[in-house]
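Structure below is final_26.cif: mmCIF, C-alpha atoms and all ligand atoms.
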data_upload
#
loop_
_atom_site.label_atom_id
_atom_site.label_comp_id
_atom_site.auth_asym_id
_atom_site.auth_seq_id
_atom_site.Cartn_x
_atom_site.Cartn_y
_atom_site.Cartn_z
CA MET A 1 -31.93 39.74 -72.07
CA ASN A 2 -33.47 42.92 -73.55
CA ASP A 3 -31.35 45.74 -74.84
CA ILE A 4 -33.25 48.51 -73.00
CA LEU A 5 -36.13 48.37 -70.49
CA ILE A 6 -38.32 51.41 -69.87
CA ALA A 7 -40.20 51.36 -66.56
CA GLY A 8 -43.39 53.47 -66.91
CA GLY A 9 -45.26 54.55 -70.02
CA GLY A 10 -46.14 58.17 -69.18
CA LEU A 11 -44.77 61.11 -71.16
CA ALA A 12 -41.13 60.57 -70.24
CA GLY A 13 -41.11 56.78 -70.71
CA ALA A 14 -42.99 56.77 -74.03
CA THR A 15 -40.85 59.59 -75.44
CA ALA A 16 -37.51 58.01 -74.51
CA ALA A 17 -38.71 54.63 -75.81
CA THR A 18 -39.70 56.18 -79.15
CA ALA A 19 -36.40 58.05 -79.56
CA LEU A 20 -34.40 54.88 -78.81
CA ALA A 21 -36.51 52.67 -81.12
CA GLN A 22 -36.29 55.26 -83.91
CA ALA A 23 -32.50 54.93 -83.61
CA GLY A 24 -32.82 51.16 -84.14
CA ARG A 25 -32.52 49.95 -80.54
CA GLU A 26 -34.54 47.07 -79.13
CA VAL A 27 -36.80 48.56 -76.44
CA THR A 28 -39.42 47.08 -74.10
CA LEU A 29 -41.69 49.46 -72.16
CA ILE A 30 -43.69 48.30 -69.14
CA GLU A 31 -46.79 50.28 -68.14
CA ARG A 32 -49.06 49.25 -65.28
CA ALA A 33 -52.29 50.79 -66.67
CA ALA A 34 -53.94 48.32 -69.04
CA THR A 35 -56.17 50.94 -70.68
CA PRO A 36 -56.13 54.75 -71.20
CA ALA A 37 -56.70 56.50 -67.89
CA HIS A 38 -57.00 60.01 -66.46
CA LYS A 39 -53.93 61.38 -64.66
CA ILE A 40 -53.68 64.15 -62.16
CA CYS A 41 -52.32 67.15 -64.05
CA GLY A 42 -53.33 70.72 -64.92
CA GLU A 43 -52.97 69.60 -68.58
CA PHE A 44 -51.30 72.81 -69.72
CA LEU A 45 -48.87 71.68 -72.42
CA SER A 46 -46.30 74.42 -72.95
CA ALA A 47 -44.64 75.39 -76.23
CA GLU A 48 -41.39 73.77 -75.01
CA ALA A 49 -43.20 70.49 -74.40
CA GLN A 50 -44.78 70.63 -77.86
CA ALA A 51 -41.35 71.29 -79.41
CA SER A 52 -39.84 68.26 -77.60
CA LEU A 53 -42.67 66.07 -78.90
CA SER A 54 -42.14 67.22 -82.46
CA ARG A 55 -38.50 66.00 -82.22
CA ILE A 56 -39.81 62.43 -82.15
CA GLY A 57 -42.23 63.15 -85.01
CA PHE A 58 -45.26 63.54 -82.76
CA ASP A 59 -47.73 66.22 -83.80
CA CYS A 60 -49.83 67.45 -80.84
CA ALA A 61 -51.95 69.70 -83.05
CA ARG A 62 -53.78 66.67 -84.50
CA LEU A 63 -55.13 65.85 -81.01
CA GLY A 64 -57.33 68.94 -81.08
CA GLY A 65 -56.21 70.64 -77.87
CA GLN A 66 -57.46 74.10 -76.88
CA ARG A 67 -55.10 76.97 -77.74
CA ILE A 68 -54.06 79.03 -74.72
CA THR A 69 -52.55 82.46 -75.27
CA HIS A 70 -53.25 84.32 -72.01
CA VAL A 71 -52.84 83.85 -68.27
CA ARG A 72 -55.34 85.29 -65.78
CA LEU A 73 -54.43 85.54 -62.12
CA SER A 74 -57.38 85.84 -59.72
CA ARG A 75 -57.31 86.59 -55.99
CA GLY A 76 -60.38 87.47 -53.94
CA THR A 77 -62.62 89.48 -56.28
CA ARG A 78 -59.78 90.81 -58.45
CA SER A 79 -58.08 89.55 -61.62
CA ILE A 80 -55.11 90.45 -63.77
CA ILE A 81 -54.73 89.20 -67.33
CA ALA A 82 -51.56 89.10 -69.44
CA ARG A 83 -50.45 87.56 -72.72
CA LEU A 84 -48.22 84.49 -72.35
CA PRO A 85 -44.78 84.64 -73.97
CA PHE A 86 -45.71 81.44 -75.89
CA GLU A 87 -48.82 79.51 -76.91
CA GLY A 88 -49.87 76.55 -74.76
CA LEU A 89 -52.35 73.74 -75.39
CA GLY A 90 -55.07 72.41 -73.11
CA ILE A 91 -55.09 68.66 -73.69
CA THR A 92 -56.11 65.76 -71.45
CA ARG A 93 -53.37 63.40 -70.33
CA LYS A 94 -55.70 60.53 -71.15
CA THR A 95 -55.61 61.52 -74.83
CA LEU A 96 -51.98 62.68 -74.94
CA ASP A 97 -50.39 59.74 -73.11
CA GLU A 98 -52.38 57.20 -75.11
CA ALA A 99 -51.47 58.81 -78.43
CA LEU A 100 -47.80 58.83 -77.39
CA LEU A 101 -47.89 55.13 -76.50
CA GLN A 102 -49.38 54.39 -79.92
CA HIS A 103 -46.62 56.49 -81.49
CA ALA A 104 -44.03 54.45 -79.55
CA ALA A 105 -45.59 51.19 -80.74
CA GLN A 106 -45.46 52.43 -84.36
CA ALA A 107 -41.75 53.19 -83.87
CA GLY A 108 -41.24 49.51 -82.93
CA VAL A 109 -41.31 49.65 -79.12
CA ASN A 110 -42.48 46.40 -77.54
CA ILE A 111 -45.16 47.57 -75.08
CA LEU A 112 -46.22 45.43 -72.14
CA ARG A 113 -49.39 46.92 -70.64
CA GLY A 114 -51.31 46.05 -67.51
CA HIS A 115 -48.24 44.77 -65.64
CA ALA A 116 -46.93 46.72 -62.66
CA ILE A 117 -43.25 46.55 -61.79
CA ARG A 118 -43.14 45.11 -58.29
CA ALA A 119 -39.43 45.39 -57.59
CA ILE A 120 -36.21 46.34 -59.32
CA ASP A 121 -32.98 44.51 -58.61
CA PHE A 122 -29.96 46.49 -59.68
CA THR A 123 -27.39 44.85 -57.43
CA THR A 124 -26.03 43.00 -60.44
CA ALA A 125 -26.26 46.00 -62.75
CA ASN A 126 -22.52 46.49 -62.99
CA SER A 127 -22.09 42.89 -64.13
CA LYS A 128 -23.36 41.34 -67.39
CA ALA A 129 -26.63 40.37 -65.71
CA GLY A 130 -27.88 43.97 -65.88
CA PHE A 131 -31.17 45.05 -64.28
CA ARG A 132 -33.89 42.63 -63.31
CA LEU A 133 -37.52 43.71 -62.98
CA GLU A 134 -40.11 41.66 -61.09
CA LEU A 135 -43.56 42.11 -62.66
CA ASP A 136 -47.15 41.48 -61.64
CA ARG A 137 -48.62 38.48 -63.51
CA ALA A 138 -45.68 38.20 -65.95
CA ALA A 139 -42.22 36.68 -66.04
CA PRO A 140 -39.34 38.88 -64.80
CA ARG A 141 -37.47 40.95 -67.39
CA ALA A 142 -33.77 41.79 -67.53
CA ALA A 143 -31.87 44.38 -69.52
CA ALA A 144 -28.47 46.03 -69.79
CA ALA A 145 -29.94 49.54 -69.42
CA LEU A 146 -32.94 50.74 -67.43
CA PHE A 147 -34.84 53.99 -68.01
CA LEU A 148 -36.82 54.66 -64.85
CA ALA A 149 -39.93 56.72 -65.69
CA THR A 150 -42.49 55.67 -63.08
CA GLY A 151 -43.53 59.21 -62.12
CA LYS A 152 -43.86 60.92 -58.77
CA HIS A 153 -43.60 58.13 -56.26
CA ASP A 154 -40.70 55.80 -55.46
CA ALA A 155 -40.16 52.56 -57.34
CA ARG A 156 -39.58 49.62 -55.02
CA GLY A 157 -35.87 48.79 -55.03
CA ILE A 158 -34.85 52.30 -56.11
CA PRO A 159 -35.87 54.82 -53.45
CA ARG A 160 -35.60 58.51 -54.22
CA PRO A 161 -34.58 61.19 -51.74
CA GLY A 162 -36.75 64.31 -51.56
CA ARG A 163 -39.04 65.90 -49.00
CA PRO A 164 -42.73 65.27 -49.78
CA SER A 165 -45.04 68.30 -49.84
CA ARG A 166 -47.83 68.61 -47.24
CA LEU A 167 -50.24 69.87 -49.89
CA VAL A 168 -52.82 67.55 -51.40
CA GLY A 169 -53.54 67.75 -55.15
CA PHE A 170 -56.99 67.36 -56.78
CA LYS A 171 -58.16 67.27 -60.38
CA THR A 172 -61.63 67.13 -61.85
CA TYR A 173 -63.53 68.30 -64.94
CA PHE A 174 -66.57 70.53 -65.34
CA GLN A 175 -68.87 71.39 -68.20
CA LEU A 176 -69.10 75.15 -67.67
CA SER A 177 -72.13 77.29 -68.51
CA PRO A 178 -71.87 78.70 -72.09
CA ALA A 179 -71.03 82.20 -70.76
CA GLN A 180 -68.26 80.95 -68.45
CA HIS A 181 -66.92 78.62 -71.16
CA GLN A 182 -66.59 81.61 -73.46
CA ALA A 183 -65.00 83.74 -70.73
CA LEU A 184 -62.33 81.08 -70.03
CA ALA A 185 -61.52 80.28 -73.69
CA GLY A 186 -57.89 80.98 -74.64
CA GLN A 187 -56.78 81.41 -71.01
CA VAL A 188 -55.20 79.47 -68.21
CA GLU A 189 -56.61 80.92 -65.00
CA ILE A 190 -54.77 80.69 -61.69
CA PHE A 191 -56.79 81.26 -58.51
CA MET A 192 -54.89 82.16 -55.33
CA PHE A 193 -56.47 81.41 -51.96
CA PRO A 194 -55.05 81.12 -48.43
CA GLY A 195 -53.54 77.65 -48.10
CA GLY A 196 -53.25 76.78 -51.78
CA TYR A 197 -53.95 77.64 -55.38
CA ALA A 198 -55.93 76.30 -58.33
CA GLY A 199 -55.63 76.30 -62.11
CA MET A 200 -58.42 76.10 -64.67
CA GLN A 201 -58.44 75.85 -68.46
CA LEU A 202 -60.38 74.24 -71.27
CA VAL A 203 -59.26 70.93 -72.78
CA GLU A 204 -59.95 69.23 -76.13
CA THR A 205 -63.21 67.65 -74.92
CA GLY A 206 -64.68 71.13 -74.29
CA GLU A 207 -64.66 70.52 -70.53
CA ALA A 208 -62.75 72.71 -68.07
CA ASN A 209 -59.94 71.09 -66.10
CA LEU A 210 -59.88 72.26 -62.48
CA CYS A 211 -56.72 71.23 -60.69
CA PHE A 212 -55.66 72.54 -57.27
CA LEU A 213 -53.34 72.09 -54.34
CA ALA A 214 -54.63 72.63 -50.81
CA GLU A 215 -53.19 72.52 -47.29
CA PRO A 216 -54.52 69.65 -45.13
CA ALA A 217 -56.10 72.32 -42.85
CA LEU A 218 -58.53 73.24 -45.65
CA LEU A 219 -59.49 69.59 -46.09
CA ALA A 220 -60.09 69.33 -42.37
CA ARG A 221 -62.37 72.42 -42.51
CA ALA A 222 -64.34 70.64 -45.25
CA ALA A 223 -64.49 67.47 -43.12
CA GLY A 224 -62.67 65.63 -45.93
CA LYS A 225 -65.66 66.00 -48.31
CA PHE A 226 -64.89 67.17 -51.85
CA PRO A 227 -68.13 69.15 -52.46
CA ALA A 228 -67.62 70.97 -49.15
CA LEU A 229 -63.99 71.66 -50.10
CA LEU A 230 -65.10 73.17 -53.43
CA ASP A 231 -67.67 75.36 -51.64
CA LEU A 232 -64.91 76.52 -49.29
CA LEU A 233 -62.58 77.39 -52.18
CA CYS A 234 -65.38 79.27 -53.96
CA ALA A 235 -66.00 81.26 -50.77
CA LEU A 236 -62.28 82.05 -50.45
CA CYS A 237 -62.01 82.88 -54.14
CA PRO A 238 -65.29 84.33 -55.49
CA GLN A 239 -63.88 84.38 -59.05
CA LEU A 240 -63.72 80.59 -58.91
CA GLY A 241 -67.29 80.55 -57.63
CA GLN A 242 -68.31 82.64 -60.62
CA ARG A 243 -66.64 80.22 -63.06
CA LEU A 244 -68.35 77.24 -61.45
CA ALA A 245 -71.84 78.79 -61.25
CA GLY A 246 -74.14 76.46 -63.18
CA ALA A 247 -71.24 74.07 -64.00
CA VAL A 248 -71.71 70.30 -64.05
CA ALA A 249 -68.97 67.98 -62.73
CA THR A 250 -68.20 65.31 -65.34
CA LEU A 251 -66.02 62.87 -63.34
CA PRO A 252 -67.73 60.70 -60.71
CA ALA A 253 -64.96 61.57 -58.22
CA PRO A 254 -61.84 63.76 -58.35
CA LEU A 255 -58.35 62.34 -58.77
CA THR A 256 -56.08 63.06 -55.82
CA ILE A 257 -52.39 62.95 -55.03
CA ALA A 258 -50.33 63.57 -51.90
CA ARG A 259 -46.70 63.58 -50.76
CA VAL A 260 -45.29 64.91 -54.04
CA PRO A 261 -41.59 65.81 -53.55
CA TYR A 262 -41.77 69.30 -55.09
CA GLY A 263 -38.37 70.84 -55.70
CA PHE A 264 -36.60 67.47 -55.97
CA VAL A 265 -33.66 67.38 -58.41
CA TYR A 266 -31.73 64.10 -58.55
CA ARG A 267 -28.10 64.54 -57.52
CA PRO A 268 -25.86 62.32 -59.63
CA ASP A 269 -24.41 59.56 -57.45
CA ARG A 270 -21.20 57.78 -58.49
CA ARG A 271 -22.34 54.64 -56.65
CA ALA A 272 -25.49 54.35 -58.81
CA PRO A 273 -25.24 51.88 -61.71
CA PRO A 274 -24.07 53.63 -64.91
CA GLY A 275 -26.92 52.11 -66.95
CA LEU A 276 -29.73 53.55 -64.79
CA PHE A 277 -31.31 56.64 -66.35
CA ARG A 278 -33.92 58.50 -64.29
CA LEU A 279 -36.49 60.36 -66.37
CA GLY A 280 -39.34 62.80 -65.76
CA ASP A 281 -40.54 63.08 -62.18
CA GLN A 282 -37.98 60.43 -61.18
CA SER A 283 -35.28 62.97 -62.01
CA ALA A 284 -36.82 66.35 -61.10
CA VAL A 285 -40.18 67.59 -59.81
CA ILE A 286 -41.13 71.20 -60.47
CA PRO A 287 -43.96 72.68 -58.35
CA SER A 288 -47.30 72.36 -60.13
CA PHE A 289 -48.74 75.28 -62.16
CA THR A 290 -45.71 77.48 -61.48
CA GLY A 291 -43.54 75.58 -63.87
CA ASP A 292 -43.29 73.21 -66.71
CA GLY A 293 -43.40 69.61 -65.45
CA MET A 294 -44.32 67.98 -68.75
CA ALA A 295 -41.62 69.93 -70.62
CA ILE A 296 -38.99 68.81 -68.09
CA ALA A 297 -40.19 65.20 -68.39
CA LEU A 298 -39.95 65.36 -72.20
CA HIS A 299 -36.59 67.14 -72.13
CA SER A 300 -35.16 64.51 -69.77
CA ALA A 301 -36.43 61.73 -72.04
CA GLY A 302 -34.84 63.16 -75.19
CA LEU A 303 -31.61 63.94 -73.38
CA ALA A 304 -31.29 60.49 -71.76
CA ALA A 305 -31.97 58.71 -75.07
CA ASP A 306 -29.41 60.91 -76.80
CA PHE A 307 -26.73 60.32 -74.13
CA HIS A 308 -27.33 56.57 -74.19
CA LEU A 309 -27.18 56.41 -77.99
CA HIS A 310 -23.84 58.26 -77.87
CA GLY A 311 -22.47 55.72 -75.38
CA ALA A 312 -22.38 58.22 -72.48
CA THR A 313 -23.08 57.03 -68.94
CA SER A 314 -26.13 57.93 -66.90
CA HIS A 315 -23.85 59.94 -64.55
CA ALA A 316 -23.02 62.32 -67.40
CA TYR A 317 -26.72 62.54 -68.32
CA HIS A 318 -27.82 63.29 -64.74
CA HIS A 319 -25.19 66.03 -64.40
CA ARG A 320 -26.38 67.63 -67.60
CA LEU A 321 -30.09 67.40 -66.71
CA ALA A 322 -29.53 68.90 -63.24
CA ARG A 323 -27.67 71.79 -64.87
CA ASP A 324 -30.51 72.33 -67.36
CA VAL A 325 -33.41 72.40 -64.87
CA ARG A 326 -32.04 73.32 -61.42
CA PHE A 327 -32.58 77.08 -61.64
CA GLN A 328 -36.08 76.84 -63.12
CA ILE A 329 -37.08 74.53 -60.29
CA HIS A 330 -35.66 76.88 -57.63
CA ARG A 331 -37.55 79.83 -59.15
CA ALA A 332 -40.76 77.80 -59.40
CA GLY A 333 -40.27 76.85 -55.73
CA ALA A 334 -40.19 80.54 -54.78
CA LEU A 335 -43.47 81.14 -56.68
CA TYR A 336 -45.01 78.05 -55.09
CA THR A 337 -44.24 79.45 -51.63
CA ALA A 338 -45.45 82.95 -52.55
CA ALA A 339 -48.72 81.63 -54.00
CA ARG A 340 -49.91 79.87 -50.87
CA LEU A 341 -48.70 82.15 -48.04
CA PRO A 342 -51.22 85.03 -47.72
CA PRO A 343 -48.80 87.94 -46.99
CA LEU A 344 -46.46 86.94 -49.84
CA ALA A 345 -49.40 86.23 -52.15
CA ALA A 346 -50.83 89.70 -51.41
CA CYS A 347 -47.47 91.37 -52.25
CA PHE A 348 -47.07 89.32 -55.43
CA PHE A 349 -50.62 90.10 -56.56
CA ALA A 350 -50.23 93.83 -55.82
CA ALA A 351 -46.97 93.92 -57.80
CA ALA A 352 -48.57 92.05 -60.72
CA ARG A 353 -51.49 94.50 -60.76
CA LEU A 354 -49.06 97.37 -61.10
CA ILE A 355 -46.89 95.59 -63.67
CA PRO A 356 -48.88 92.78 -65.40
CA GLN A 357 -45.73 91.87 -67.38
CA ILE A 358 -44.55 90.13 -64.18
CA LEU A 359 -46.82 87.21 -65.11
CA PRO A 360 -45.25 86.38 -68.51
CA LEU A 361 -41.83 87.02 -66.95
CA CYS A 362 -42.55 84.38 -64.26
CA ALA A 363 -43.73 82.00 -66.98
CA SER A 364 -40.48 82.54 -68.92
CA LEU A 365 -38.24 82.11 -65.87
CA THR A 366 -39.65 78.68 -65.06
CA ARG A 367 -39.15 77.13 -68.55
CA VAL A 368 -36.50 74.68 -69.75
CA PRO A 369 -34.05 77.06 -71.48
CA THR A 370 -34.22 77.03 -75.29
CA ALA A 371 -30.46 76.47 -75.64
CA ALA A 372 -30.68 73.37 -73.43
CA ARG A 373 -33.49 71.96 -75.54
CA LEU A 374 -31.84 72.61 -78.87
CA GLU A 375 -28.40 71.14 -78.35
CA PHE A 376 -28.56 67.58 -77.10
CA SER A 377 -24.89 66.94 -77.12
CA THR A 378 -22.74 64.59 -75.12
C1 LIG A 401 -51.44 68.62 -59.42
C2 LIG A 401 -50.48 68.60 -60.60
C3 LIG A 401 -50.69 69.45 -61.68
C4 LIG A 401 -49.79 69.47 -62.76
N1 LIG A 401 -50.02 70.28 -63.82
C5 LIG A 401 -49.14 70.35 -64.84
C6 LIG A 401 -49.40 71.19 -65.97
O1 LIG A 401 -50.45 71.81 -66.09
N2 LIG A 401 -48.44 71.26 -66.94
C7 LIG A 401 -47.27 70.56 -66.87
O2 LIG A 401 -46.43 70.68 -67.78
N3 LIG A 401 -47.04 69.71 -65.84
C8 LIG A 401 -47.95 69.59 -64.83
N4 LIG A 401 -47.72 68.72 -63.79
C9 LIG A 401 -46.51 67.89 -63.82
C10 LIG A 401 -46.64 66.70 -64.77
O3 LIG A 401 -47.88 66.06 -64.58
C11 LIG A 401 -45.49 65.70 -64.53
O4 LIG A 401 -44.27 66.40 -64.40
C12 LIG A 401 -45.39 64.69 -65.66
O5 LIG A 401 -46.57 63.92 -65.72
C13 LIG A 401 -44.20 63.76 -65.44
O6 LIG A 401 -44.21 62.76 -66.43
P1 LIG A 401 -43.59 61.32 -66.12
O7 LIG A 401 -43.60 60.60 -67.41
O8 LIG A 401 -42.32 61.47 -65.36
O9 LIG A 401 -44.60 60.65 -65.08
P2 LIG A 401 -46.11 60.17 -65.29
O10 LIG A 401 -46.77 60.98 -66.32
O11 LIG A 401 -46.69 60.15 -63.91
O12 LIG A 401 -45.97 58.70 -65.84
C14 LIG A 401 -45.51 57.63 -65.05
C15 LIG A 401 -46.07 56.35 -65.63
O13 LIG A 401 -45.49 55.24 -64.96
C16 LIG A 401 -46.50 54.29 -64.70
N5 LIG A 401 -46.08 53.54 -63.51
C17 LIG A 401 -45.94 54.01 -62.24
N6 LIG A 401 -45.53 53.03 -61.43
C18 LIG A 401 -45.43 51.92 -62.20
C19 LIG A 401 -45.05 50.57 -61.91
N7 LIG A 401 -44.72 50.18 -60.68
N8 LIG A 401 -45.05 49.68 -62.94
C20 LIG A 401 -45.36 50.07 -64.21
N9 LIG A 401 -45.74 51.33 -64.53
C21 LIG A 401 -45.76 52.23 -63.53
C22 LIG A 401 -47.76 55.11 -64.45
O14 LIG A 401 -48.94 54.35 -64.68
C23 LIG A 401 -47.58 56.25 -65.47
O15 LIG A 401 -48.17 55.96 -66.72
C24 LIG A 401 -48.63 68.64 -62.73
C25 LIG A 401 -48.43 67.78 -61.64
C26 LIG A 401 -49.35 67.75 -60.58
C27 LIG A 401 -49.12 66.82 -59.44
#

As a first step, turn the structure in this file into structure tokens.
Ligand SMILES: Cc1cc2nc3c(=O)[nH]c(=O)nc-3n(C[C@H](O)[C@H](O)[C@H](O)COP(=O)(O)OP(=O)(O)OC[C@H]3O[C@@H](n4cnc5c(N)ncnc54)[C@H](O)[C@@H]3O)c2cc1C
Amino acid sequence: MNDILIAGGGLAGATAATALAQAGREVTLIERAATPAHKICGEFLSAEAQASLSRIGFDCARLGGQRITHVRLSRGTRSIIARLPFEGLGITRKTLDEALLQHAAQAGVNILRGHAIRAIDFTTANSKAGFRLELDRAAPRAAAALFLATGKHDARGIPRPGRPSRLVGFKTYFQLSPAQHQALAGQVEIFMFPGGYAGMQLVETGEANLCFLAEPALLARAAGKFPALLDLLCALCPQLGQRLAGAVATLPAPLTIARVPYGFVYRPDRRAPPGLFRLGDQSAVIPSFTGDGMAIALHSAGLAADFHLHGATSHAYHHRLARDVRFQIHRAGALYTAARLPPLAACFFAAARLIPQILPLCASLTRVPTAARLEFST
């Protein structure tokens, strides 16, 4: 039997695995993707996320991400620009997640790639038998402790409560025209439109990441066709149309996601096995673009590893994590609602035009608090 199994090798899984291996524990990580792959994400890596990565000796700067110092909010034909209260990085998840997995391997983590976890049996978790994972094309694995880091959707055997959002998420990349590339440099741009919102920024490849959430009604108006949907968004938000004028799409098709349980925060459950640690999106899901999903995933990973190494139970860890992130997620939920409902979006935009400092304030209010990140203490 293994000491610790990590289910999922995204940001949360790879970070927890590294922290545990650096402390001398025997760790096996199982990741279903056999090779580096794109993931749906706005790819805005906040300062908090970068700080969490540096705690495990991982230097994001060497990956060559694009520095982001300003936020621009665009609605209709108008824009507001403000300085962010921190510096972010535009970096593709394909590059970041792969580099983190390599970092985990260097720390001594045994990585099993290309094998999906089919089912998790935790009925014997309170006995010596521990957790048992059924894998695709590989023998089952068992361990005394399980770190569940499989991302947004439920793992079979361990369902997760939470109401899925109606909005559908899309991500793609564009090579912008030289003038638009220059205009976007150093900024993350949020476009508000009725029925959703979009984010755009440059990443380390020099492409622009365009990631958006849209109501199913908009997809229906575009007859389910992505080019028609983009045309519709550009008509609803002429600033987006301006950015995309002369741009060339660089992915053959966009990545999509649906039924994300935005606002979910795992409530500690005394009946859950004490060795089951939920990480990242399995523990809390902050609405996209309004918050700090990667920072929460990384914070949860460091915290869970720390609690486990100190002999604390997962119940104690889940209580602490919920306390650390609950308020940020509620505030991000309010912004998420305001951004996609036209009357609220109009009020928010008008207020931000009068007082642009509202934008950095919103960014600050949806972060993992510094104090929570600095003292990992059981
Ligand atoms: C549209 C959108 C935009 C976003 N934009 C941003 C942003 O700009 N900035 C930000 O900070 N956050 C953003 N987020 C949030 C961020 O992407 C997530 O919070 C973060 O990826 C969570 O990390 P994770 O490790 O929990 O999950 P993931 O990164 O999803 O990793 C889960 C891993 O588990 C693996 N896996 C899944 N199932 C199995 C299985 N059965 N067997 C084996 N392996 C499995 C997957 O292959 C994956 O590698 C965005 C989210 C969305 C949906």

Counting all atoms listed in the file, name the residues that have an atom within 6 Å of an atom of ligand LIG 401 (chain A); the answer should be given as a VMD selection string.
chain A and resid 7 to 13 30 to 33 40 to 45 116 to 118 149 to 152 169 280 to 281 288 to 289 292 to 295 297

Mind writing the picked residues with C-alpha atoms as a compact mmCIF listing (two decimals), in the coordinates of the input?
# COMPACT_ATOMS: atom_id res chain seq x y z
CA ALA A 7 -40.20 51.36 -66.56
CA GLY A 8 -43.39 53.47 -66.91
CA GLY A 9 -45.26 54.55 -70.02
CA GLY A 10 -46.14 58.17 -69.18
CA LEU A 11 -44.77 61.11 -71.16
CA ALA A 12 -41.13 60.57 -70.24
CA GLY A 13 -41.11 56.78 -70.71
CA ILE A 30 -43.69 48.30 -69.14
CA GLU A 31 -46.79 50.28 -68.14
CA ARG A 32 -49.06 49.25 -65.28
CA ALA A 33 -52.29 50.79 -66.67
CA ILE A 40 -53.68 64.15 -62.16
CA CYS A 41 -52.32 67.15 -64.05
CA GLY A 42 -53.33 70.72 -64.92
CA GLU A 43 -52.97 69.60 -68.58
CA PHE A 44 -51.30 72.81 -69.72
CA LEU A 45 -48.87 71.68 -72.42
CA ALA A 116 -46.93 46.72 -62.66
CA ILE A 117 -43.25 46.55 -61.79
CA ARG A 118 -43.14 45.11 -58.29
CA ALA A 149 -39.93 56.72 -65.69
CA THR A 150 -42.49 55.67 -63.08
CA GLY A 151 -43.53 59.21 -62.12
CA LYS A 152 -43.86 60.92 -58.77
CA GLY A 169 -53.54 67.75 -55.15
CA GLY A 280 -39.34 62.80 -65.76
CA ASP A 281 -40.54 63.08 -62.18
CA SER A 288 -47.30 72.36 -60.13
CA PHE A 289 -48.74 75.28 -62.16
CA ASP A 292 -43.29 73.21 -66.71
CA GLY A 293 -43.40 69.61 -65.45
CA MET A 294 -44.32 67.98 -68.75
CA ALA A 295 -41.62 69.93 -70.62
CA ALA A 297 -40.19 65.20 -68.39

Glu26 in chain A surroundings by all atoms listed in the file, 10 Å radius, close-in-sequence under 2 positions cut, as a PyMOL selection string:
chain A and resi 2-5+17+20-24+28+108-110

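Shortest atom-to-atom contact with Tyr197 in chain A among A:Ala16, A:Leu146, A:Leu341, A:Leu63: A:Leu341, counting only C-alpha atoms.
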
Can I get the residues of range 34-128 of chain A within 9 Å of range 198-204 of chain A, each with the closest pair of atoms and their distance in Å to one decimal, using all atoms listed in the file, sorted chain first then ascending number, as a tab-separated table?
residue	atom	partner	partner_atom	distance
A:Gly42	CA	A:Gly199	CA	6.7
A:Glu43	CA	A:Val203	CA	7.7
A:Phe44	CA	A:Gln201	CA	7.9
A:Leu63	CA	A:Glu204	CA	7.6
A:Gly64	CA	A:Glu204	CA	5.6
A:Gly65	CA	A:Glu204	CA	4.4
A:Gln66	CA	A:Val203	CA	5.5
A:Arg67	CA	A:Leu202	CA	8.8
A:Ile68	CA	A:Gln201	CA	8.3
A:Leu89	CA	A:Val203	CA	7.9
A:Gly90	CA	A:Val203	CA	4.5
A:Ile91	CA	A:Val203	CA	4.8
A:Thr92	CA	A:Val203	CA	6.2
A:Thr95	CA	A:Glu204	CA	8.9

Length of the CA of Leu279 in chain A to CA of Phe122 in chain A vector [Å]
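So the two atoms, CA of Leu279 in chain A and CA of Phe122 in chain A, lie 16.7 Å apart.
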
Counting only C-alpha atoms, which of A:Ala185, A:Phe170, A:Pro194, A:Leu84 gets nearest to Phe226 in chain A?
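The closest residue to Phe226 in chain A is A:Phe170.
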
Interatomic distance, CA of Cys60 in chain A to CA of Thr15 in chain A (Å, one decimal):
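So the answer is 13.1 Å.
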
For Ala19 in chain A, which residue among A:Thr35, A:Ser79, A:Gln106, A:Ser177 is the nearest when counting all atoms listed in the file?
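Between A:Thr35, A:Ser79, A:Gln106, A:Ser177, the residue approaching Ala19 in chain A most closely is A:Gln106.
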
Top pick for closest residue to Ala247 in chain A, considering A:Ala183, A:Arg267, A:Pro178, A:Ile296 and counting all atoms listed in the file:
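Under the stated criterion, the closest residue is A:Pro178.
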
Point-to-point distance from CA of Glu48 in chain A to CA of Thr337 in chain A, Å rounded to tenths:
24.2 Å
